[in-house]
Structures are given as structure tokens and as C-alpha cells.
$ cat model-v7.txt   # compact mmCIF, C-alpha atoms
# COMPACT_ATOMS: atom_id res chain seq x y z
CA MET W 265 -44.62 74.84 50.46
CA GLU W 266 -42.04 75.35 53.17
CA VAL W 267 -43.09 77.16 56.32
CA PRO W 268 -40.14 79.01 57.86
CA ILE W 269 -39.65 78.18 61.54
CA LEU W 270 -37.46 80.61 63.41
CA LYS W 271 -35.90 79.85 66.76
CA GLN W 272 -36.05 82.80 69.11
CA GLY W 273 -34.58 81.85 72.46
CA GLU W 274 -36.95 79.43 74.12
CA PHE W 275 -39.69 80.13 71.60
CA LEU W 276 -40.31 79.05 68.03
CA ILE W 277 -41.95 81.29 65.47
CA ALA W 278 -43.68 79.63 62.51
CA THR W 279 -44.81 81.94 59.73
CA PHE W 280 -47.66 80.56 57.64
CA GLN W 281 -47.95 81.51 53.99
CA ALA W 282 -51.09 82.44 52.11
CA ALA W 283 -51.44 79.38 49.93
CA LEU W 284 -50.92 76.44 52.27
CA SER W 285 -52.58 73.28 51.03
CA ASP W 286 -54.08 70.63 53.30
CA ALA W 287 -50.99 68.50 52.75
CA ASP W 288 -48.74 71.40 53.83
CA LEU W 289 -50.81 71.91 56.96
CA LYS W 290 -50.69 68.22 57.79
CA SER W 291 -46.91 68.01 57.47
CA LEU W 292 -46.60 71.14 59.60
CA ARG W 293 -48.62 69.53 62.33
CA ILE W 294 -45.98 66.92 62.98
CA GLY W 295 -43.02 69.08 61.92
CA LEU W 296 -43.74 71.78 64.46
CA VAL W 297 -44.08 69.35 67.34
CA GLN W 298 -40.79 67.72 66.34
CA GLN W 299 -39.08 71.11 66.42
CA VAL W 300 -40.52 71.83 69.84
CA VAL W 301 -38.97 68.58 71.06
CA ARG W 302 -35.67 69.22 69.31
CA PHE W 303 -35.16 72.71 70.71
CA ARG W 304 -36.89 72.07 74.05
CA SER W 305 -39.02 75.10 73.27
CA ARG W 306 -41.45 76.44 75.83
CA ALA W 307 -43.78 78.05 73.34
CA VAL W 308 -44.62 78.36 69.67
CA ILE W 309 -45.94 81.46 67.99
CA VAL W 310 -47.86 80.68 64.80
CA ASP W 311 -48.03 83.81 62.67
CA VAL W 312 -50.99 83.63 60.27
CA THR W 313 -50.87 87.27 59.12
CA ALA W 314 -50.38 86.20 55.48
CA MET W 315 -53.20 83.66 55.50
CA ASP W 316 -56.07 85.03 53.47
CA VAL W 317 -58.43 82.16 54.19
CA MET W 318 -58.88 80.18 57.38
CA ASP W 319 -61.38 77.49 56.55
CA SER W 320 -62.59 74.60 58.68
CA PHE W 321 -59.62 72.40 57.87
CA ALA W 322 -57.02 75.08 58.60
CA SER W 323 -58.57 76.03 61.93
CA ARG W 324 -59.00 72.42 62.97
CA THR W 325 -55.33 71.79 62.14
CA LEU W 326 -54.25 74.82 64.15
CA ARG W 327 -56.25 73.57 67.11
CA GLU W 328 -54.67 70.14 66.80
CA ILE W 329 -51.18 71.66 66.61
CA ALA W 330 -51.88 73.62 69.80
CA GLN W 331 -53.16 70.50 71.56
CA MET W 332 -50.12 68.43 70.57
CA ILE W 333 -47.76 71.16 71.67
CA ARG W 334 -49.59 71.40 74.98
CA LEU W 335 -49.16 67.66 75.51
CA ARG W 336 -45.48 68.30 75.07
CA GLY W 337 -45.65 70.85 77.88
CA ALA W 338 -45.32 73.92 75.73
CA GLU W 339 -47.74 76.64 74.71
CA THR W 340 -49.03 77.92 71.37
CA VAL W 341 -50.04 81.46 70.53
CA ILE W 342 -51.74 82.23 67.22
CA VAL W 343 -51.03 85.75 66.03
CA GLY W 344 -52.11 87.93 63.13
CA ILE W 345 -55.60 86.70 62.26
CA GLN W 346 -56.82 89.38 59.86
CA PRO W 347 -60.15 91.11 60.64
CA GLU W 348 -61.93 89.77 57.54
CA VAL W 349 -60.55 86.30 58.19
CA ALA W 350 -61.88 86.50 61.76
CA PHE W 351 -65.26 87.58 60.39
CA ALA W 352 -65.37 84.64 57.97
CA MET W 353 -64.35 82.23 60.73
CA VAL W 354 -67.17 83.40 62.97
CA GLN W 355 -69.66 83.04 60.12
CA LEU W 356 -68.45 79.49 59.60
CA GLY W 357 -68.79 78.81 63.31
CA LEU W 358 -65.06 78.17 63.69
CA THR W 359 -63.44 78.84 67.01
CA LEU W 360 -59.93 78.37 68.29
CA GLU W 361 -61.15 77.53 71.76
CA GLY W 362 -58.44 76.89 74.29
CA VAL W 363 -55.73 78.39 72.08
CA ALA W 364 -54.15 81.69 73.00
CA THR W 365 -54.30 84.41 70.36
CA ALA W 366 -52.65 87.79 70.09
CA LEU W 367 -52.89 90.75 67.75
CA ASP W 368 -49.49 90.37 66.13
CA LEU W 369 -46.03 88.93 66.60
CA GLU W 370 -44.98 91.68 68.97
CA GLU W 371 -48.00 91.17 71.22
CA GLY W 372 -47.52 87.42 71.09
CA LEU W 373 -43.91 87.74 72.22
CA ALA W 374 -44.90 90.18 74.95
CA TYR W 375 -47.55 87.75 76.19
CA LEU W 376 -45.08 84.87 76.33
CA ASN W 377 -42.29 86.91 77.89
CA GLU W 378 -44.67 88.01 80.60
CA LYS W 379 -45.86 84.46 81.09
CA PHE W 380 -42.42 82.89 81.30
CA LYS W 381 -40.64 85.97 82.64
CA THR W 382 -37.70 85.34 80.36
CA THR W 383 -35.45 87.84 78.68
CA ASN W 384 -35.85 86.62 75.12
CA MET S 63 -68.15 93.11 33.97
CA PRO S 64 -65.89 90.22 33.03
CA ALA S 65 -68.13 87.91 31.07
CA GLU S 66 -65.78 85.01 31.08
CA GLU S 67 -66.46 81.99 33.14
CA VAL S 68 -63.71 80.26 35.04
CA GLU S 69 -63.79 76.57 35.72
CA VAL S 70 -61.41 74.89 38.12
CA ALA S 71 -61.20 71.11 38.15
CA ILE S 72 -61.05 69.80 41.71
CA ASN S 73 -59.02 66.63 41.97
CA SER S 74 -56.80 67.17 44.99
CA ASP S 75 -56.32 69.44 47.96
CA GLN S 76 -53.97 71.61 45.88
CA ASP S 77 -56.94 72.50 43.69
CA ILE S 78 -58.80 73.84 46.72
CA VAL S 79 -56.15 76.55 47.03
CA LEU S 80 -56.30 77.28 43.30
CA ALA S 81 -60.10 77.52 43.28
CA ARG S 82 -60.25 79.97 46.14
CA GLN S 83 -57.47 82.12 44.66
CA ARG S 84 -59.32 82.28 41.34
CA GLY S 85 -62.52 83.13 43.20
CA ARG S 86 -60.94 85.95 45.13
CA ALA S 87 -59.31 87.33 41.98
CA MET S 88 -62.63 87.32 40.14
CA ALA S 89 -64.44 88.92 43.09
CA ILE S 90 -61.91 91.76 43.22
CA GLU S 91 -62.16 92.17 39.45
CA LEU S 92 -65.93 92.46 39.83
CA GLY S 93 -65.45 95.25 42.35
CA PHE S 94 -66.06 93.38 45.58
CA SER S 95 -64.28 94.68 48.67
CA SER S 96 -61.29 92.77 49.98
CA GLY S 97 -63.40 91.67 52.98
CA ASP S 98 -66.07 90.23 50.70
CA GLY S 99 -63.30 88.61 48.67
CA THR S 100 -62.23 86.77 51.82
CA LEU S 101 -65.79 85.59 52.52
CA ILE S 102 -66.18 84.36 48.94
CA ALA S 103 -62.76 82.65 48.98
CA THR S 104 -63.60 80.96 52.29
CA ALA S 105 -66.93 79.69 50.96
CA ILE S 106 -65.19 78.32 47.84
CA SER S 107 -62.60 76.64 50.05
CA GLU S 108 -65.33 74.82 52.01
CA LEU S 109 -67.23 73.80 48.87
CA ALA S 110 -64.07 72.53 47.17
CA ARG S 111 -63.09 70.65 50.31
CA ASN S 112 -66.46 68.89 50.38
CA ILE S 113 -65.79 67.74 46.81
CA VAL S 114 -62.35 66.35 47.71
CA SER S 115 -63.58 64.72 50.95
CA TYR S 116 -66.81 63.17 49.70
CA ALA S 117 -66.64 62.87 45.93
CA ARG S 118 -62.86 62.95 45.29
CA LYS S 119 -63.32 65.00 42.15
CA GLY S 120 -65.59 67.59 40.66
CA GLN S 121 -65.43 71.20 39.56
CA ILE S 122 -65.93 74.74 40.71
CA LYS S 123 -67.36 77.21 38.21
CA LEU S 124 -67.08 80.93 38.80
CA LYS S 125 -69.02 83.56 36.94
CA GLY S 126 -69.73 87.25 37.15
CA ILE S 127 -73.48 87.88 37.07
CA GLN S 128 -75.67 90.90 36.46
CA GLY S 129 -78.81 91.29 38.58
CA SER S 130 -81.49 93.90 37.94
CA SER S 131 -79.42 96.65 39.50
CA ARG S 132 -76.39 94.95 40.91
CA ILE S 133 -73.39 92.85 40.11
CA GLY S 134 -72.59 89.60 41.75
CA ILE S 135 -70.61 86.41 41.60
CA LEU S 136 -71.98 82.94 41.06
CA VAL S 137 -70.12 79.89 42.33
CA ILE S 138 -71.23 76.44 41.27
CA ALA S 139 -69.63 73.43 42.94
CA SER S 140 -70.58 70.15 41.35
CA ASP S 141 -69.51 66.56 41.61
CA GLU S 142 -70.70 63.13 40.66
CA GLY S 143 -69.98 61.67 44.06
CA PRO S 144 -72.21 59.72 46.43
CA GLY S 145 -74.65 62.59 46.89
CA ILE S 146 -76.31 63.66 50.11
CA SER S 147 -79.22 61.49 51.19
CA ASP S 148 -80.61 63.93 53.75
CA ILE S 149 -80.05 67.52 52.66
CA ARG S 150 -81.98 68.98 55.58
CA GLN S 151 -79.68 67.20 57.99
CA ALA S 152 -76.60 68.30 56.02
CA LEU S 153 -77.69 71.92 56.39
CA ARG S 154 -77.79 71.67 60.15
CA ASP S 155 -74.76 72.92 62.04
CA GLY S 156 -72.39 70.24 63.21
CA PHE S 157 -73.54 67.48 60.90
CA SER S 158 -70.84 65.43 59.22
CA THR S 159 -70.34 61.94 57.90
CA SER S 160 -66.59 62.21 57.42
CA GLY S 161 -65.49 62.91 60.98
CA SER S 162 -64.82 66.55 60.21
CA LEU S 163 -66.44 69.52 61.88
CA GLY S 164 -69.37 69.24 59.55
CA LEU S 165 -70.04 69.72 55.89
CA GLY S 166 -69.52 73.41 56.30
CA LEU S 167 -72.71 73.95 54.32
CA PRO S 168 -74.51 75.98 56.99
CA GLY S 169 -71.42 78.16 57.22
CA VAL S 170 -71.22 78.59 53.46
CA ARG S 171 -74.86 79.64 53.49
CA ARG S 172 -74.08 82.31 56.08
CA LEU S 173 -71.05 83.57 54.10
CA MET S 174 -73.00 84.03 50.87
CA ASP S 175 -76.27 85.78 49.96
CA GLU S 176 -78.02 83.02 48.06
CA PHE S 177 -77.66 79.29 48.44
CA GLU S 178 -79.13 76.46 46.44
CA ILE S 179 -78.35 72.77 46.67
CA SER S 180 -79.47 69.77 44.70
CA SER S 181 -78.29 66.28 45.32
CA GLN S 182 -79.29 62.82 44.39
CA SER S 183 -78.08 59.77 46.23
CA GLY S 184 -75.49 58.04 44.07
CA ARG S 185 -75.60 60.73 41.38
CA GLY S 186 -73.75 63.65 42.86
CA THR S 187 -74.25 67.07 44.35
CA THR S 188 -74.46 70.59 42.97
CA VAL S 189 -74.26 73.63 45.20
CA LYS S 190 -74.92 77.08 43.70
CA VAL S 191 -74.13 80.16 45.74
CA LYS S 192 -74.26 83.84 44.91
CA LYS S 193 -72.96 86.93 46.53
CA TRP S 194 -73.99 90.43 45.51
CA ARG S 195 -71.78 93.47 45.58
CA GLN S 196 -72.75 95.92 48.30
$ encode --input "model-v7.txt" --output "C-alpha cells"
Amino acid sequence: MEVPILKQGEFLIATFQAALSDADLKSLRIGLVQQVVRFRSRAVIVDVTAMDVMDSFASRTLREIAQMIRLRGAETVIVGIQPEVAFAMVQLGLTLEGVATALDLEEGLAYLNEKFKTTN
Amino acid sequence: MPAEEVEVAINSDQDIVLARQRGRAMAIELGFSSGDGTLIATAISELARNIVSYARKGQIKLKGIQGSSRIGILVIASDEGPGISDIRQALRDGFSTSGSLGLGLPGVRRLMDEFEISSQSGRGTTVKVKKWRQ
């Protein structure tokens, strides 16, 4: 399943779908970092609003994506974790430690714009 | 209550997605809230992932159940994989033999209301979990 990646100025916005398989997540991991390199992006917003399940594999992959992007000198913000998904994650003991999160896309963009003081 | 039983064969990571979608659909059909549907789908995802990671193949059975005064859902994840030699250890947080975060079993136990596991080294593992409608 293709994950649309939108270029918005110096940022990239990746919108995750509900039914991503492990293989999809794995290919995203490298694909996103490649896009960051290609566009010299300063940050990536990963929008998970549509994801109905965030299990251990998905959250580990998100953490890895954020770490790789950080090594590249850019930042990752996860936005749109649904309340019930957050509840399930906490029950499973899953954290996204060290990864910035925001309520939704708008908040994520506001956070990054403030951080980089750009006029995206 | 839907009496039918759904069985999803787990042979690849694609089937993990299918199993949890079926589970959520059945939960909603049984009258569970959307929030509970997410908890059930997440638990199924972890159980199906254990099958793929440790046993390669197995199945997830889903069934609506009737308690004395309540309705629930039963999920049975079974495989004929290597089995778990130390179940007590596997139920501790953070334990894993595959380099992942852990078997996810303690988490699954927290997501669901009832949890039962039987495993025999070399013969496979069966995990039965139930969640009751509030």
C-alpha cells in the first residue's frame, strides 16, 4: 500500500493508512529517509490519524524512522494518534520516547514553524 | 448474537492486518464500543504477530460468546510452532527471544479481560483471550 508523501516547503508530510502491513511499514522506513535526503527536508510530519491500531511493531518502526531522520539532521513529529489508540498503546507498554508528537497536522505544522521560524 | 465463528489463517504479515480487521468488525457487530474494538484489534495484532514471528503459521479464531448475563468475544490464537519453554518468563514485561520489544503477551493480558495460555515445547502454543462487553 502506497503512503502519500507530500512536500510542504522544507517539511514532508507522510499520511499513514489504516491497513499498513509490516512490509509496508518496513519499506516506508527507508523510503521516508530517502525523501528527506532528496528534498533536504528539515522535518517530517507523520500523520497517523487513520491508523486504527498501533501495535508493538508499528510503534517500534515509527521510533526507528524518527531516529534515522534525526541522524540525517531533521526532525520527526507524529500527529493524530487517536485517543483509543493511545489507550491501547499505554496498555501494551508502548511509548514513543524521544519522538515529538502533536494533536493533529495543524498543531504539528505550528510546532515546526515555531521551531524553525520559517514561513511555510 | 452472531453465532458464526471466523477463522483467519495466519501465514504472513498481511494476514495480521486481515485478522485484526475481522476482529474489530466482529466486536462492533457484537455491540462493543469503538474504543473496545481498538483494544481487541490491537490484542489480535500482537497475537497474530507472535504467530508469524515464532511459528511462521497458525490461525486466529474469533467467536461471539454468551456469558451468564453478558456478551463477549473469544479470540483463540494457535500455532504448531516451537512453543514457549518458560511461560512464566514469557508473561513478564520485556521478555523476548526474537529481538523485539517482547512477546507482547503481558500487554495482551492487560488489553483483554481473560487470558489463558497453553504451550508445549516443540508442539505449539495456544492463547485464548476474552473480552466482555461493558
$ residues_around --input "model-v7.txt" --residues "Phe303 of chain W" --least-positions-apart "2" --cutoff "12 Å" --atoms "all atoms listed in the file" --output "list in words"
Ile269, Leu270, Lys271, Gln272, Gly273, Glu274, Phe275, Leu276, Leu296, Val297, Gln298, Gln299, Val300, Val301, Ser305, Arg306, Ala307, Val308 and Ala338 of chain W
$ residues_around --input "model-v7.txt" --residues "segment 310-314 of chain W" --least-positions-apart "4" --cutoff "12 Å" --atoms "all atoms listed in the file" --output "JSON, numbers by chain"
{"W": [267, 268, 269, 270, 275, 276, 277, 278, 279, 280, 281, 282, 283, 284, 292, 293, 296, 318, 322, 323, 325, 326, 327, 329, 330, 333, 339, 340, 341, 342, 343, 344, 345, 346, 347, 348, 349, 350, 363, 364, 365, 366, 367, 368, 369, 370, 371, 372, 373]}
$ write_last_selection --input "model-v7.txt" --atoms "C-alpha atoms" --output "CSV table (one decimal), in the coordinates of the input"
chain,number,residue,atom,x,y,z
W,267,VAL,CA,-43.1,77.2,56.3
W,268,PRO,CA,-40.1,79.0,57.9
W,269,ILE,CA,-39.6,78.2,61.5
W,270,LEU,CA,-37.5,80.6,63.4
W,275,PHE,CA,-39.7,80.1,71.6
W,276,LEU,CA,-40.3,79.0,68.0
W,277,ILE,CA,-42.0,81.3,65.5
W,278,ALA,CA,-43.7,79.6,62.5
W,279,THR,CA,-44.8,81.9,59.7
W,280,PHE,CA,-47.7,80.6,57.6
W,281,GLN,CA,-48.0,81.5,54.0
W,282,ALA,CA,-51.1,82.4,52.1
W,283,ALA,CA,-51.4,79.4,49.9
W,284,LEU,CA,-50.9,76.4,52.3
W,292,LEU,CA,-46.6,71.1,59.6
W,293,ARG,CA,-48.6,69.5,62.3
W,296,LEU,CA,-43.7,71.8,64.5
W,318,MET,CA,-58.9,80.2,57.4
W,322,ALA,CA,-57.0,75.1,58.6
W,323,SER,CA,-58.6,76.0,61.9
W,325,THR,CA,-55.3,71.8,62.1
W,326,LEU,CA,-54.2,74.8,64.2
W,327,ARG,CA,-56.2,73.6,67.1
W,329,ILE,CA,-51.2,71.7,66.6
W,330,ALA,CA,-51.9,73.6,69.8
W,333,ILE,CA,-47.8,71.2,71.7
W,339,GLU,CA,-47.7,76.6,74.7
W,340,THR,CA,-49.0,77.9,71.4
W,341,VAL,CA,-50.0,81.5,70.5
W,342,ILE,CA,-51.7,82.2,67.2
W,343,VAL,CA,-51.0,85.8,66.0
W,344,GLY,CA,-52.1,87.9,63.1
W,345,ILE,CA,-55.6,86.7,62.3
W,346,GLN,CA,-56.8,89.4,59.9
W,347,PRO,CA,-60.2,91.1,60.6
W,348,GLU,CA,-61.9,89.8,57.5
W,349,VAL,CA,-60.6,86.3,58.2
W,350,ALA,CA,-61.9,86.5,61.8
W,363,VAL,CA,-55.7,78.4,72.1
W,364,ALA,CA,-54.2,81.7,73.0
W,365,THR,CA,-54.3,84.4,70.4
W,366,ALA,CA,-52.6,87.8,70.1
W,367,LEU,CA,-52.9,90.8,67.8
W,368,ASP,CA,-49.5,90.4,66.1
W,369,LEU,CA,-46.0,88.9,66.6
W,370,GLU,CA,-45.0,91.7,69.0
W,371,GLU,CA,-48.0,91.2,71.2
W,372,GLY,CA,-47.5,87.4,71.1
W,373,LEU,CA,-43.9,87.7,72.2
$ closest_residue --input "model-v7.txt" --among "W:Leu335, W:Leu358, W:Leu376, W:Val317" --to "chain S" --atoms "all atoms listed in the file"
W:Val317
$ interface_residues --input "model-v7.txt" --of "chain W" --to "chain S" --cutoff "6 Å" --atoms "only C-alpha atoms" --output "list in words"
Ser285, Asp286, Val317, Asp319, Glu348, Ala352, Gln355 and Leu356 of chain W
$ residues_near_point --input "model-v7.txt" --point "(-77.0, 60.4, 46.3)" --cutoff "7 Å" --atoms "only C-alpha atoms" --output "list in words"
Pro144, Gly145, Ile146, Ser147, Ser181, Gln182, Ser183, Gly184, Arg185 and Gly186 of chain S
$ axis_aligned_box --input "model-v7.txt" --around "segment 98-109 of chain S" --padding-each-side "6 Å" --output "lines of an AutoDock Vina configuration file"
center_x = -64.7
center_y = 82.0
center_z = 50.2
size_x = 17.0
size_y = 28.4
size_z = 16.7
$ atom_distance --input "model-v7.txt" --atom1 "atom CA of Met332 of chain W" --atom2 "atom CA of Thr359 of chain W"
17.3 Å
$ residues_around --input "model-v7.txt" --residues "Gly134 of chain S" --least-positions-apart "3" --cutoff "10 Å" --atoms "all atoms listed in the file" --output "list in words"
Met63, Ala89, Leu92, Gly93, Phe94, Lys125, Gly126, Ile127, Gln128, Gly129, Asp175, Lys192, Lys193, Trp194, Arg195 and Gln196 of chain S
$ atom_distance --input "model-v7.txt" --atom1 "atom CA of Ile309 of chain W" --atom2 "atom CA of Leu109 of chain S"
29.6 Å
$ atom_distance --input "model-v7.txt" --atom1 "atom CA of Val70 of chain S" --atom2 "atom CA of Arg84 of chain S"
8.3 Å
$ residues_around --input "model-v7.txt" --residues "segment 112-122 of chain S" --least-positions-apart "2" --cutoff "6 Å" --atoms "only C-alpha atoms" --output "list in words"
Glu69, Val70, Ala71, Ile72, Asn73, Leu109, Ala110, Ile138, Ala139, Ser140, Asp141 and Gly143 of chain S
$ closest_residue --input "model-v7.txt" --among "W:Phe380, W:Arg302, W:Glu266, W:Arg324" --to "Leu360 of chain W" --atoms "all atoms listed in the file"
W:Arg324
$ decode --input "model-v7.txt" --residues "segment 316-339 of chain W" --atoms "N, CA and C atoms" --output "mmCIF file, in the first residue's frame"
data_model
loop_
_atom_site.group_PDB
_atom_site.id
_atom_site.type_symbol
_atom_site.label_atom_id
_atom_site.label_comp_id
_atom_site.auth_asym_id
_atom_site.auth_seq_id
_atom_site.Cartn_x
_atom_site.Cartn_y
_atom_site.Cartn_z
ATOM 1 N N ASP W 316 -5.857 2.646 12.849
ATOM 2 C CA ASP W 316 -6.788 2.206 13.888
ATOM 3 C C ASP W 316 -6.098 1.311 14.910
ATOM 4 N N VAL W 317 -4.918 0.842 14.570
ATOM 5 C CA VAL W 317 -4.170 0.001 15.509
ATOM 6 C C VAL W 317 -2.702 0.404 15.455
ATOM 7 N N MET W 318 -2.126 0.625 16.611
ATOM 8 C CA MET W 318 -0.692 0.887 16.678
ATOM 9 C C MET W 318 -0.119 -0.179 17.601
ATOM 10 N N ASP W 319 0.328 -1.253 17.013
ATOM 11 C CA ASP W 319 0.835 -2.348 17.851
ATOM 12 C C ASP W 319 2.336 -2.180 18.065
ATOM 13 N N SER W 320 2.954 -3.198 18.664
ATOM 14 C CA SER W 320 4.362 -3.055 19.031
ATOM 15 C C SER W 320 5.244 -2.848 17.807
ATOM 16 N N PHE W 321 4.916 -3.538 16.726
ATOM 17 C CA PHE W 321 5.753 -3.402 15.528
ATOM 18 C C PHE W 321 5.635 -2.001 14.929
ATOM 19 N N ALA W 322 4.400 -1.514 14.827
ATOM 20 C CA ALA W 322 4.187 -0.192 14.232
ATOM 21 C C ALA W 322 4.868 0.885 15.063
ATOM 22 N N SER W 323 4.764 0.801 16.390
ATOM 23 C CA SER W 323 5.372 1.877 17.170
ATOM 24 C C SER W 323 6.894 1.765 17.176
ATOM 25 N N ARG W 324 7.392 0.536 17.123
ATOM 26 C CA ARG W 324 8.853 0.402 17.037
ATOM 27 C C ARG W 324 9.358 0.980 15.709
ATOM 28 N N THR W 325 8.609 0.718 14.633
ATOM 29 C CA THR W 325 9.023 1.236 13.324
ATOM 30 C C THR W 325 8.983 2.762 13.302
ATOM 31 N N LEU W 326 7.952 3.334 13.914
ATOM 32 C CA LEU W 326 7.874 4.793 13.964
ATOM 33 C C LEU W 326 9.069 5.379 14.721
ATOM 34 N N ARG W 327 9.418 4.712 15.819
ATOM 35 C CA ARG W 327 10.566 5.183 16.596
ATOM 36 C C ARG W 327 11.846 5.098 15.774
ATOM 37 N N GLU W 328 11.977 4.007 15.032
ATOM 38 C CA GLU W 328 13.177 3.839 14.195
ATOM 39 C C GLU W 328 13.227 4.905 13.095
ATOM 40 N N ILE W 329 12.082 5.172 12.496
ATOM 41 C CA ILE W 329 12.014 6.208 11.449
ATOM 42 C C ILE W 329 12.493 7.540 12.028
ATOM 43 N N ALA W 330 11.982 7.866 13.223
ATOM 44 C CA ALA W 330 12.351 9.139 13.846
ATOM 45 C C ALA W 330 13.853 9.189 14.136
ATOM 46 N N GLN W 331 14.403 8.053 14.579
ATOM 47 C CA GLN W 331 15.834 8.030 14.878
ATOM 48 C C GLN W 331 16.670 8.200 13.616
ATOM 49 N N MET W 332 16.268 7.531 12.543
ATOM 50 C CA MET W 332 17.021 7.657 11.282
ATOM 51 C C MET W 332 16.967 9.085 10.764
ATOM 52 N N ILE W 333 15.779 9.672 10.851
ATOM 53 C CA ILE W 333 15.620 11.039 10.352
ATOM 54 C C ILE W 333 16.444 12.009 11.200
ATOM 55 N N ARG W 334 16.538 11.727 12.481
ATOM 56 C CA ARG W 334 17.348 12.572 13.353
ATOM 57 C C ARG W 334 18.825 12.468 12.972
ATOM 58 N N LEU W 335 19.266 11.269 12.638
ATOM 59 C CA LEU W 335 20.667 11.089 12.228
ATOM 60 C C LEU W 335 20.957 11.880 10.959
ATOM 61 N N ARG W 336 19.937 12.134 10.219
ATOM 62 C CA ARG W 336 20.059 12.888 8.986
ATOM 63 C C ARG W 336 19.998 14.396 9.284
ATOM 64 N N GLY W 337 19.741 14.731 10.536
ATOM 65 C CA GLY W 337 19.718 16.138 10.930
ATOM 66 C C GLY W 337 18.354 16.778 10.831
ATOM 67 N N ALA W 338 17.347 15.951 10.642
ATOM 68 C CA ALA W 338 15.989 16.505 10.559
ATOM 69 C C ALA W 338 15.151 15.978 11.722
ATOM 70 N N GLU W 339 13.962 16.509 11.837
ATOM 71 C CA GLU W 339 13.111 16.147 12.973
ATOM 72 C C GLU W 339 11.820 15.465 12.516
#
